[in-house]
>>> print(open('data-v1.cif').read())   # mmCIF, C-alpha atoms
data_start
#
loop_
_atom_site.label_atom_id
_atom_site.label_comp_id
_atom_site.auth_asym_id
_atom_site.auth_seq_id
_atom_site.Cartn_x
_atom_site.Cartn_y
_atom_site.Cartn_z
CA MET A 27 0.00 0.00 0.00
CA ILE A 28 1.26 3.47 -0.91
CA LYS A 29 -0.31 6.92 -0.72
CA ILE A 30 -0.69 9.05 -3.85
CA CYS A 31 -2.39 12.46 -3.83
CA GLY A 32 -3.67 11.73 -0.34
CA LYS A 33 -5.32 8.44 -1.35
CA ASP A 34 -4.31 4.87 -0.54
CA VAL A 35 -3.24 2.87 -3.58
CA MET A 36 -2.94 -0.92 -3.75
CA ILE A 37 -0.28 -2.59 -5.91
CA HIS A 38 -0.77 -6.23 -6.87
CA GLY A 39 0.58 -8.72 -9.34
CA ARG A 40 3.93 -10.49 -9.66
CA LEU A 41 4.85 -10.32 -13.32
CA VAL A 42 2.81 -7.21 -14.14
CA ARG A 43 2.52 -4.77 -11.24
CA ILE A 44 -0.90 -3.09 -11.33
CA ALA A 45 -1.88 -0.18 -9.10
CA ARG A 46 -5.42 0.93 -8.31
CA PRO A 47 -7.03 3.21 -5.72
CA GLU A 48 -8.15 1.27 -2.66
CA GLY A 49 -11.92 0.95 -2.94
CA ASP A 50 -11.94 2.00 -6.58
CA LYS A 51 -15.74 1.79 -6.84
CA TYR A 52 -15.99 4.74 -4.46
CA THR A 53 -12.52 6.35 -4.61
CA PHE A 54 -11.57 8.23 -7.76
CA PRO A 55 -8.55 10.30 -8.85
CA GLU A 56 -9.79 13.88 -9.24
CA ASP A 57 -6.82 14.64 -11.48
CA PRO A 58 -5.51 11.46 -13.17
CA GLU A 59 -2.41 13.24 -14.51
CA LYS A 60 -1.31 14.22 -10.98
CA PHE A 61 -1.97 10.65 -9.90
CA LEU A 62 0.19 9.29 -12.72
CA ALA A 63 2.98 11.73 -11.89
CA GLY A 64 2.87 10.57 -8.27
CA LEU A 65 3.06 6.92 -9.30
CA ARG A 66 6.05 7.56 -11.55
CA THR A 67 8.01 9.05 -8.64
CA CYS A 68 6.74 6.85 -5.78
CA GLY A 69 9.85 4.64 -5.70
CA ARG A 70 7.88 1.44 -6.44
CA ARG A 71 7.63 -0.35 -9.78
CA VAL A 72 4.18 0.17 -11.22
CA ASP A 73 3.57 -1.15 -14.74
CA LEU A 74 -0.10 -0.24 -15.07
CA PHE A 75 -2.48 2.09 -13.26
CA THR A 76 -6.17 1.25 -13.47
CA PHE A 77 -9.19 3.21 -12.32
CA LEU A 78 -12.93 3.30 -12.92
CA GLN A 79 -14.75 6.30 -14.28
CA LYS A 80 -17.15 7.91 -11.84
CA LEU A 81 -20.91 7.75 -12.29
CA PRO A 82 -23.07 9.00 -13.89
CA GLU A 83 -20.93 9.46 -17.03
CA SER A 84 -20.70 6.22 -19.01
CA ALA A 85 -19.04 7.63 -22.14
CA PRO A 86 -15.21 7.76 -21.94
CA GLN A 87 -14.00 11.02 -20.39
CA TYR A 88 -10.21 10.46 -20.50
CA PRO A 89 -7.77 9.79 -23.40
CA TYR A 90 -6.27 6.63 -21.88
CA PRO A 91 -6.48 2.98 -22.98
CA MET A 92 -9.69 1.53 -21.60
CA GLU A 93 -12.03 -1.45 -21.49
CA MET A 94 -15.68 -1.48 -20.53
CA ASP A 95 -16.36 -2.77 -17.03
CA ASN A 96 -19.80 -3.15 -15.46
CA LEU A 97 -21.51 -2.22 -12.20
CA ALA A 98 -24.85 -3.08 -10.62
CA VAL A 99 -26.38 0.37 -10.13
CA LEU A 100 -29.60 1.52 -8.50
CA ARG A 101 -30.75 5.06 -9.25
CA VAL A 102 -32.06 6.45 -5.97
CA THR A 103 -34.62 9.25 -5.67
CA THR A 104 -36.83 8.42 -2.69
CA PHE A 105 -37.31 5.25 -0.71
CA GLU A 106 -41.01 5.27 -1.62
CA ASN A 107 -40.23 5.38 -5.35
CA TRP A 108 -37.88 2.40 -5.02
CA TRP A 109 -40.39 0.48 -2.92
CA ASN A 110 -43.39 1.14 -5.17
CA ASN A 111 -41.88 1.38 -8.65
CA GLN A 112 -38.37 -0.02 -8.94
CA ILE A 113 -38.56 -3.49 -7.39
CA ARG A 114 -40.66 -6.55 -8.00
CA SER A 115 -43.24 -7.96 -5.63
CA TYR A 116 -41.04 -10.83 -4.42
CA PRO A 117 -38.26 -8.76 -2.78
CA ARG A 118 -40.89 -6.37 -1.42
CA ASN A 119 -42.71 -9.27 0.23
CA ARG A 120 -39.43 -10.68 1.53
CA ALA A 121 -38.52 -7.35 3.14
CA ARG A 122 -41.97 -7.24 4.75
CA GLN A 123 -41.46 -10.81 5.92
CA ALA A 124 -38.30 -9.79 7.78
CA THR A 125 -40.24 -7.22 9.80
CA LYS A 126 -43.06 -9.67 10.53
CA ARG A 127 -40.55 -12.21 11.83
CA GLY A 128 -38.98 -9.78 14.25
CA VAL A 129 -35.99 -8.45 12.29
CA GLU A 130 -35.13 -4.85 13.14
CA LEU A 131 -32.92 -2.75 10.86
CA ARG A 132 -30.86 0.18 12.04
CA GLU A 133 -27.63 2.03 11.40
CA ILE A 134 -25.03 1.21 14.03
CA PRO A 135 -21.65 2.76 14.92
CA PHE A 136 -18.36 1.02 14.31
CA GLY A 137 -17.56 -0.64 17.64
CA GLU A 138 -17.50 -3.85 19.62
CA GLU A 139 -21.17 -4.70 19.06
CA LEU A 140 -20.64 -4.58 15.30
CA ILE A 141 -17.31 -6.44 15.46
CA GLN A 142 -18.79 -9.30 17.49
CA GLY A 143 -21.77 -9.44 15.11
CA ILE A 144 -19.49 -9.67 12.08
CA CYS A 145 -17.49 -12.48 13.67
CA GLY A 146 -20.68 -14.39 14.46
CA ILE A 147 -21.88 -14.11 10.86
CA TYR A 148 -18.55 -14.86 9.19
CA ASN A 149 -17.81 -17.83 11.42
CA GLU A 150 -21.21 -19.48 11.01
CA THR A 151 -20.22 -21.82 8.16
CA PRO A 152 -17.04 -22.60 6.16
CA ILE A 153 -19.00 -23.05 2.90
CA ARG A 154 -21.11 -20.38 1.19
CA GLN A 155 -22.62 -20.46 -2.30
CA GLY A 156 -21.01 -23.83 -2.97
CA LYS A 157 -17.43 -22.75 -2.30
CA ARG A 158 -15.06 -22.32 0.60
CA PHE A 159 -15.77 -19.09 2.46
CA PRO A 160 -12.41 -17.27 2.75
CA HIS A 161 -13.35 -15.30 5.87
CA PHE A 162 -14.40 -18.29 8.00
CA GLY A 163 -12.42 -18.24 11.24
CA MET A 164 -12.25 -14.44 11.38
CA THR A 165 -11.01 -13.00 14.66
CA ALA A 166 -12.18 -9.78 16.29
CA GLU A 167 -8.94 -8.07 15.28
CA GLY A 168 -9.33 -9.34 11.73
CA ALA A 169 -12.93 -8.07 11.58
CA ARG A 170 -11.82 -4.69 12.90
CA LYS A 171 -9.23 -4.34 10.12
CA TYR A 172 -11.45 -5.85 7.41
CA ALA A 173 -14.51 -3.71 8.08
CA GLY A 174 -12.86 -0.63 9.57
CA THR A 175 -11.71 1.16 6.42
CA PHE A 176 -13.03 4.55 5.21
CA LEU A 177 -14.67 5.26 8.58
CA ASP A 178 -15.20 8.94 7.75
CA ARG A 179 -17.59 8.06 4.90
CA THR A 180 -19.10 4.74 5.94
CA VAL A 181 -22.49 3.71 7.30
CA TYR A 182 -22.92 0.30 8.94
CA ILE A 183 -26.34 -1.32 8.91
CA GLY A 184 -27.30 -4.13 11.25
CA ALA A 185 -30.17 -6.62 10.99
CA PHE A 186 -31.09 -7.51 14.56
CA LEU A 187 -33.13 -10.38 15.94
CA GLY A 188 -33.59 -9.27 19.50
CA SER A 189 -30.12 -8.20 20.59
CA LYS A 190 -28.31 -10.48 18.11
CA ILE A 191 -26.92 -9.24 14.79
CA ILE A 192 -27.96 -11.74 12.11
CA GLY A 193 -26.88 -9.67 9.11
CA PHE A 194 -24.89 -6.56 8.33
CA ALA A 195 -24.00 -4.28 5.46
CA LYS A 196 -21.26 -1.72 4.98
CA LEU A 197 -22.15 1.26 2.83
CA VAL A 198 -19.28 3.50 1.67
CA PHE A 199 -19.81 6.87 -0.01
CA ASP A 200 -17.49 8.47 -2.52
CA GLU A 201 -15.93 11.76 -1.47
CA SER A 202 -18.45 13.90 -3.37
CA ARG A 203 -21.39 11.81 -2.05
CA THR A 204 -22.59 11.10 -5.56
CA GLN A 205 -22.55 7.32 -5.21
CA ALA A 206 -22.43 4.74 -2.47
CA CYS A 207 -21.21 1.16 -2.67
CA LEU A 208 -22.40 -1.89 -0.77
CA VAL A 209 -18.97 -3.20 0.14
CA HIS A 210 -20.05 -5.99 2.49
CA ILE A 211 -23.51 -7.46 2.87
CA LEU A 212 -23.93 -10.84 4.53
CA SER A 213 -26.49 -12.63 6.70
CA MET A 214 -26.63 -15.81 8.73
CA ALA A 215 -27.74 -18.85 6.75
CA GLU A 216 -29.54 -20.05 9.88
CA HIS A 217 -31.97 -17.13 9.59
CA LYS A 218 -32.46 -17.19 5.82
CA ASP A 219 -36.20 -17.73 6.37
CA LYS A 220 -36.40 -14.26 7.96
CA ALA A 221 -35.05 -12.57 4.79
CA PRO A 222 -32.46 -10.35 6.53
CA THR A 223 -30.56 -9.69 3.29
CA ASN A 224 -33.64 -8.25 1.57
CA ALA A 225 -34.23 -6.06 4.61
CA LEU A 226 -30.60 -4.86 4.52
CA ILE A 227 -31.00 -3.83 0.88
CA ALA A 228 -34.12 -1.87 1.79
CA GLN A 229 -32.32 -0.07 4.61
CA ALA A 230 -29.35 0.70 2.33
CA VAL A 231 -31.72 2.36 -0.14
CA ARG A 232 -33.33 4.32 2.70
CA SER A 233 -29.91 5.41 4.00
CA CYS A 234 -28.95 6.71 0.54
CA ALA A 235 -32.31 8.44 0.00
CA ASP A 236 -32.10 10.15 3.40
CA ARG A 237 -28.66 11.54 2.43
CA GLN A 238 -29.74 12.41 -1.14
CA ILE A 239 -27.12 10.12 -2.67
CA PRO A 240 -28.38 9.39 -6.21
CA TYR A 241 -26.54 6.13 -7.02
CA LEU A 242 -26.23 2.92 -5.03
CA VAL A 243 -23.68 0.43 -6.39
CA TYR A 244 -23.83 -3.27 -5.52
CA GLU A 245 -20.40 -4.28 -6.86
CA HIS A 246 -20.48 -5.82 -10.38
CA PHE A 247 -23.65 -6.95 -12.14
CA THR A 248 -21.81 -9.84 -13.78
CA TYR A 249 -18.34 -11.24 -13.13
CA GLY A 250 -15.82 -12.36 -15.73
CA ASN A 251 -17.45 -14.26 -18.59
CA LYS A 252 -20.57 -15.19 -16.61
CA VAL A 253 -23.77 -14.38 -18.46
CA GLY A 254 -25.74 -14.29 -15.22
CA ASP A 255 -26.34 -16.19 -12.01
CA SER A 256 -28.48 -16.16 -8.88
CA LEU A 257 -26.66 -13.12 -7.49
CA SER A 258 -27.26 -11.14 -10.68
CA HIS A 259 -30.93 -12.12 -10.52
CA PHE A 260 -31.11 -11.01 -6.87
CA LYS A 261 -29.68 -7.62 -7.82
CA GLU A 262 -32.05 -7.25 -10.76
CA VAL A 263 -35.25 -7.98 -8.84
CA ASN A 264 -34.13 -5.46 -6.20
CA GLY A 265 -33.97 -2.72 -8.83
CA PHE A 266 -30.29 -2.75 -9.77
CA GLU A 267 -29.39 -2.42 -13.43
CA ARG A 268 -26.24 -3.22 -15.34
CA VAL A 269 -24.30 -0.07 -16.22
CA ASP A 270 -21.25 -0.43 -18.47
CA ILE A 271 -18.58 2.07 -17.53
CA PRO A 272 -14.99 2.67 -18.67
CA ARG A 273 -12.11 1.16 -16.76
CA TYR A 274 -8.83 2.76 -17.74
CA PHE A 275 -5.47 0.98 -17.90
CA VAL A 276 -2.58 3.44 -18.15
CA PRO A 277 0.85 1.86 -18.90
CA LEU A 278 3.76 3.37 -16.98
CA THR A 279 6.60 1.06 -18.09
CA PRO A 280 7.57 -0.87 -21.25
CA LEU A 281 6.22 -4.02 -19.56
CA GLY A 282 2.93 -2.27 -18.97
CA ARG A 283 2.72 -1.25 -22.63
CA LEU A 284 3.41 -4.87 -23.65
CA ALA A 285 0.95 -6.33 -21.13
CA LEU A 286 -2.10 -4.54 -22.50
CA PRO A 287 -2.25 -6.06 -26.02
CA LEU A 288 -1.29 -9.48 -24.60
CA GLY A 289 -4.08 -9.35 -22.02
CA LEU A 290 -1.67 -9.92 -19.12
CA HIS A 291 -3.61 -7.43 -16.99
CA HIS A 292 -6.48 -9.92 -16.70
CA ARG A 293 -6.70 -12.84 -14.30
CA LEU A 294 -6.16 -16.30 -15.79
CA SER A 295 -9.64 -17.33 -14.60
CA ASP A 296 -11.20 -14.57 -16.75
CA ARG A 297 -9.74 -16.15 -19.88
CA ILE A 298 -11.38 -19.55 -19.36
CA PRO A 299 -14.40 -20.08 -21.68
CA GLU A 300 -17.67 -19.81 -19.77
CA THR A 301 -18.75 -23.34 -20.77
CA VAL A 302 -15.63 -24.71 -19.10
CA ALA A 303 -15.83 -22.34 -16.13
CA ALA A 304 -19.46 -23.32 -15.46
CA LYS A 305 -18.54 -27.00 -15.38
CA LEU A 306 -15.62 -26.30 -13.02
CA ARG A 307 -17.97 -24.39 -10.69
CA GLU A 308 -20.37 -27.36 -10.69
CA TRP A 309 -17.54 -29.72 -9.73
CA ARG A 310 -16.33 -27.33 -7.03
CA THR A 311 -19.82 -27.04 -5.54
CA ALA A 312 -20.31 -30.81 -5.55
CA TRP A 313 -16.91 -31.43 -3.96
CA HIS A 314 -17.42 -28.87 -1.20
CA SER A 315 -20.94 -30.16 -0.53
CA ARG A 316 -19.73 -33.73 -0.12
CA HIS A 317 -16.68 -32.72 1.91
CA HIS A 318 -18.65 -30.46 4.26
CA TYR A 319 -21.42 -33.05 4.67
CA THR A 320 -18.90 -35.78 5.47
CA ARG A 321 -17.14 -33.66 8.09
CA SER A 322 -20.49 -32.73 9.66
CA GLU A 323 -21.41 -36.37 10.05
CA VAL A 324 -18.17 -37.37 11.80
#
>>> encode(input="data-v1.cif", output="structure tokens")
Amino acid sequence: MIKICGKDVMIHGRLVRIARPEGDKYTFPEDPEKFLAGLRTCGRRVDLFTFLQKLPESAPQYPYPMEMDNLAVLRVTTFENWWNNQIRSYPRNRARQATKRGVELREIPFGEELIQGICGIYNETPIRQGKRFPHFGMTAEGARKYAGTFLDRTVYIGAFLGSKIIGFAKLVFDESRTQACLVHILSMAEHKDKAPTNALIAQAVRSCADRQIPYLVYEHFTYGNKVGDSLSHFKEVNGFERVDIPRYFVPLTPLGRLALPLGLHHRLSDRIPETVAAKLREWRTAWHSRHHYTRSEV
């Protein structure tokens, strides 16, 4: 991690070193040229610098090499408009169901109550969505570091059943408060019947509407070569739309200039044909299901 123009920048990659602003769906370089100048003199090898263009502009605004990325975006006016006009009946009924089953939603400060709630949720099960959950076994200190970034422009939302947190979401605003991003949103599988995740989405929309933030981003709409999946469907029925937006890749070294046409700035997994990737995901899900079931029976 380095700091450029007052912003934290992550550098990753072994062969090709790629830099990007930390939290690049809600942190943007106001002046890309100053950012590039800072990277060139930072004392670290950086081959490529990548950043997303800020909403709402979707046409390219900068003269750098770019590819189209995508985001799941909800246009927020009022909570009532979202509730009545932008979502389907199923998520609306699910959010109502959460209230009927005793789930209470509220914004909560960053502190021990939230940290303990996060640990309880993340340590519930080692397998989620058919794959190993990388945050299983999280400690309080780990949760504090993982969730405690961008505190000056973050809202934490808790889904409570009595005094217990059964779901949480982290909502981070960009510096101009034009868009907010759902960075973390997760609920206990044990309480899936109470629809806490749908209720968290509803509260996130309300939190944005109350602050007059016009765009709510729920990460990507699709990932890699996937055409769509259950998560994309969940976003769609909750009113999120796919918005294609430029992602810039600015080469800073000869290796960076070579990497772009060769596609070395992409992960290997993104180059696997979707027909093959889908079959690999099926095998992974089946393996984890059998392995987890076997361990549970011992």
>>> residues_around(input="data-v1.cif", residues="A:Thr279", least_positions_apart="4", cutoff="9 Å", atoms="all atoms listed in the file", output="PDB file with C-alpha atoms, keeping the file's coordinate frame")
ATOM      1  CA  ARG A  71       7.630  -0.350  -9.780  1.00  0.00           C
ATOM      2  CA  VAL A  72       4.180   0.170 -11.220  1.00  0.00           C
ATOM      3  CA  ASP A  73       3.570  -1.150 -14.740  1.00  0.00           C
ATOM      4  CA  LEU A  74      -0.100  -0.240 -15.070  1.00  0.00           C
ATOM      5  CA  ARG A 283       2.720  -1.250 -22.630  1.00  0.00           C
ATOM      6  CA  LEU A 284       3.410  -4.870 -23.650  1.00  0.00           C
TER       7      LEU A 284
END
>>> residues_around(input="data-v1.cif", residues="A:Ile144", least_positions_apart="2", cutoff="12 Å", atoms="all atoms listed in the file", output="PDB file with C-alpha atoms, in the coordinates of the input")
ATOM      1  CA  PHE A 136     -18.360   1.020  14.310  1.00  0.00           C
ATOM      2  CA  GLY A 137     -17.560  -0.640  17.640  1.00  0.00           C
ATOM      3  CA  GLU A 138     -17.500  -3.850  19.620  1.00  0.00           C
ATOM      4  CA  GLU A 139     -21.170  -4.700  19.060  1.00  0.00           C
ATOM      5  CA  LEU A 140     -20.640  -4.580  15.300  1.00  0.00           C
ATOM      6  CA  ILE A 141     -17.310  -6.440  15.460  1.00  0.00           C
ATOM      7  CA  GLN A 142     -18.790  -9.300  17.490  1.00  0.00           C
ATOM      8  CA  GLY A 146     -20.680 -14.390  14.460  1.00  0.00           C
ATOM      9  CA  ILE A 147     -21.880 -14.110  10.860  1.00  0.00           C
ATOM     10  CA  TYR A 148     -18.550 -14.860   9.190  1.00  0.00           C
ATOM     11  CA  ASN A 149     -17.810 -17.830  11.420  1.00  0.00           C
ATOM     12  CA  GLU A 150     -21.210 -19.480  11.010  1.00  0.00           C
ATOM     13  CA  HIS A 161     -13.350 -15.300   5.870  1.00  0.00           C
ATOM     14  CA  PHE A 162     -14.400 -18.290   8.000  1.00  0.00           C
ATOM     15  CA  GLY A 163     -12.420 -18.240  11.240  1.00  0.00           C
ATOM     16  CA  MET A 164     -12.250 -14.440  11.380  1.00  0.00           C
ATOM     17  CA  THR A 165     -11.010 -13.000  14.660  1.00  0.00           C
ATOM     18  CA  ALA A 166     -12.180  -9.780  16.290  1.00  0.00           C
ATOM     19  CA  GLU A 167      -8.940  -8.070  15.280  1.00  0.00           C
ATOM     20  CA  GLY A 168      -9.330  -9.340  11.730  1.00  0.00           C
ATOM     21  CA  ALA A 169     -12.930  -8.070  11.580  1.00  0.00           C
ATOM     22  CA  ARG A 170     -11.820  -4.690  12.900  1.00  0.00           C
ATOM     23  CA  LYS A 171      -9.230  -4.340  10.120  1.00  0.00           C
ATOM     24  CA  TYR A 172     -11.450  -5.850   7.410  1.00  0.00           C
ATOM     25  CA  ALA A 173     -14.510  -3.710   8.080  1.00  0.00           C
ATOM     26  CA  GLY A 174     -12.860  -0.630   9.570  1.00  0.00           C
ATOM     27  CA  TYR A 182     -22.920   0.300   8.940  1.00  0.00           C
ATOM     28  CA  ILE A 183     -26.340  -1.320   8.910  1.00  0.00           C
ATOM     29  CA  GLY A 184     -27.300  -4.130  11.250  1.00  0.00           C
ATOM     30  CA  ALA A 185     -30.170  -6.620  10.990  1.00  0.00           C
ATOM     31  CA  LYS A 190     -28.310 -10.480  18.110  1.00  0.00           C
ATOM     32  CA  ILE A 191     -26.920  -9.240  14.790  1.00  0.00           C
ATOM     33  CA  ILE A 192     -27.960 -11.740  12.110  1.00  0.00           C
ATOM     34  CA  GLY A 193     -26.880  -9.670   9.110  1.00  0.00           C
ATOM     35  CA  PHE A 194     -24.890  -6.560   8.330  1.00  0.00           C
ATOM     36  CA  ALA A 195     -24.000  -4.280   5.460  1.00  0.00           C
ATOM     37  CA  LYS A 196     -21.260  -1.720   4.980  1.00  0.00           C
ATOM     38  CA  HIS A 210     -20.050  -5.990   2.490  1.00  0.00           C
ATOM     39  CA  ILE A 211     -23.510  -7.460   2.870  1.00  0.00           C
ATOM     40  CA  LEU A 212     -23.930 -10.840   4.530  1.00  0.00           C
ATOM     41  CA  SER A 213     -26.490 -12.630   6.700  1.00  0.00           C
ATOM     42  CA  MET A 214     -26.630 -15.810   8.730  1.00  0.00           C
TER      43      MET A 214
END
>>> atom_distance(input="data-v1.cif", atom1="atom CA of A:Pro82", atom2="atom CA of A:Ala121")
28.2 Å
>>> closest_residue(input="data-v1.cif", among="A:Arg66, A:Lys157, A:Lys261, A:His38", to="A:Val243", atoms="only C-alpha atoms")
A:Lys261
>>> residues_around(input="data-v1.cif", residues="A:Thr76", least_positions_apart="5", cutoff="6 Å", atoms="all atoms listed in the file", output="PDB file with C-alpha atoms, keeping the file's coordinate frame")
ATOM      1  CA  ARG A  46      -5.420   0.930  -8.310  1.00  0.00           C
ATOM      2  CA  TYR A 274      -8.830   2.760 -17.740  1.00  0.00           C
ATOM      3  CA  PHE A 275      -5.470   0.980 -17.900  1.00  0.00           C
TER       4      PHE A 275
END
>>> atom_distance(input="data-v1.cif", atom1="atom CA of A:Val209", atom2="atom CA of A:Leu197")
6.1 Å
>>> resolve_selection(input="data-v1.cif", expression="the PyMOL selection byres ((chain A and resi 232) around 10)", output="ChimeraX atom specification")
/A:102-106,108-109,226-231,233-238
>>> residues_near_point(input="data-v1.cif", point="(-26.5, -3.5, -11.5)", cutoff="12 Å", atoms="all atoms listed in the file", output="PyMOL selection string")
chain A and resi 95-101+207-208+241-249+254+257-271
>>> residues_around(input="data-v1.cif", residues="A:Arg273", least_positions_apart="4", cutoff="12 Å", atoms="only C-alpha atoms", output="ChimeraX atom specification")
/A:46,50-51,54,75-81,84-97
>>> atom_distance(input="data-v1.cif", atom1="atom CA of A:Ala124", atom2="atom CA of A:Asp219")
8.3 Å
>>> resolve_selection(input="data-v1.cif", expression="the PyMOL selection byres ((chain A and resi 122) around 12)", output="list in words")
Trp109, Ser115, Tyr116, Pro117, Arg118, Asn119, Arg120, Ala121, Gln123, Ala124, Thr125, Lys126, Arg127, Gly128, Val129, Glu130, Leu131, Lys220, Ala221, Pro222, Thr223, Asn224, Ala225, Leu226 and Ala228 of chain A
>>> write_last_selection(input="data-v1.cif", atoms="C-alpha atoms", output="JSON list (two decimals), keeping the file's coordinate frame")
[["chain", "number", "residue", "atom", "x", "y", "z"],
["A", 109, "TRP", "CA", -40.39, 0.48, -2.92],
["A", 115, "SER", "CA", -43.24, -7.96, -5.63],
["A", 116, "TYR", "CA", -41.04, -10.83, -4.42],
["A", 117, "PRO", "CA", -38.26, -8.76, -2.78],
["A", 118, "ARG", "CA", -40.89, -6.37, -1.42],
["A", 119, "ASN", "CA", -42.71, -9.27, 0.23],
["A", 120, "ARG", "CA", -39.43, -10.68, 1.53],
["A", 121, "ALA", "CA", -38.52, -7.35, 3.14],
["A", 123, "GLN", "CA", -41.46, -10.81, 5.92],
["A", 124, "ALA", "CA", -38.30, -9.79, 7.78],
["A", 125, "THR", "CA", -40.24, -7.22, 9.80],
["A", 126, "LYS", "CA", -43.06, -9.67, 10.53],
["A", 127, "ARG", "CA", -40.55, -12.21, 11.83],
["A", 128, "GLY", "CA", -38.98, -9.78, 14.25],
["A", 129, "VAL", "CA", -35.99, -8.45, 12.29],
["A", 130, "GLU", "CA", -35.13, -4.85, 13.14],
["A", 131, "LEU", "CA", -32.92, -2.75, 10.86],
["A", 220, "LYS", "CA", -36.40, -14.26, 7.96],
["A", 221, "ALA", "CA", -35.05, -12.57, 4.79],
["A", 222, "PRO", "CA", -32.46, -10.35, 6.53],
["A", 223, "THR", "CA", -30.56, -9.69, 3.29],
["A", 224, "ASN", "CA", -33.64, -8.25, 1.57],
["A", 225, "ALA", "CA", -34.23, -6.06, 4.61],
["A", 226, "LEU", "CA", -30.60, -4.86, 4.52],
["A", 228, "ALA", "CA", -34.12, -1.87, 1.79]]
>>> residues_near_point(input="data-v1.cif", point="(-23.8, 7.6, -6.1)", cutoff="6 Å", atoms="all atoms listed in the file", output="count of residues only")
7
>>> resolve_selection(input="data-v1.cif", expression="the PyMOL selection byres ((chain A and resi 285) around 12)", output="PyMOL selection string")
chain A and resi 41-44+73-74+275-284+286-292
>>> closest_residue(input="data-v1.cif", among="A:Asn110, A:Gln155, A:Thr67, A:Thr53", to="A:Asp255", atoms="all atoms listed in the file")
A:Gln155
>>> closest_residue(input="data-v1.cif", among="A:Pro272, A:Gly143, A:His217, A:Thr175", to="A:Asp34", atoms="only C-alpha atoms")
A:Thr175
>>> closest_residue(input="data-v1.cif", among="A:Asp200, A:Thr180, A:Ala215, A:Ala45", to="A:Phe61", atoms="only C-alpha atoms")
A:Ala45
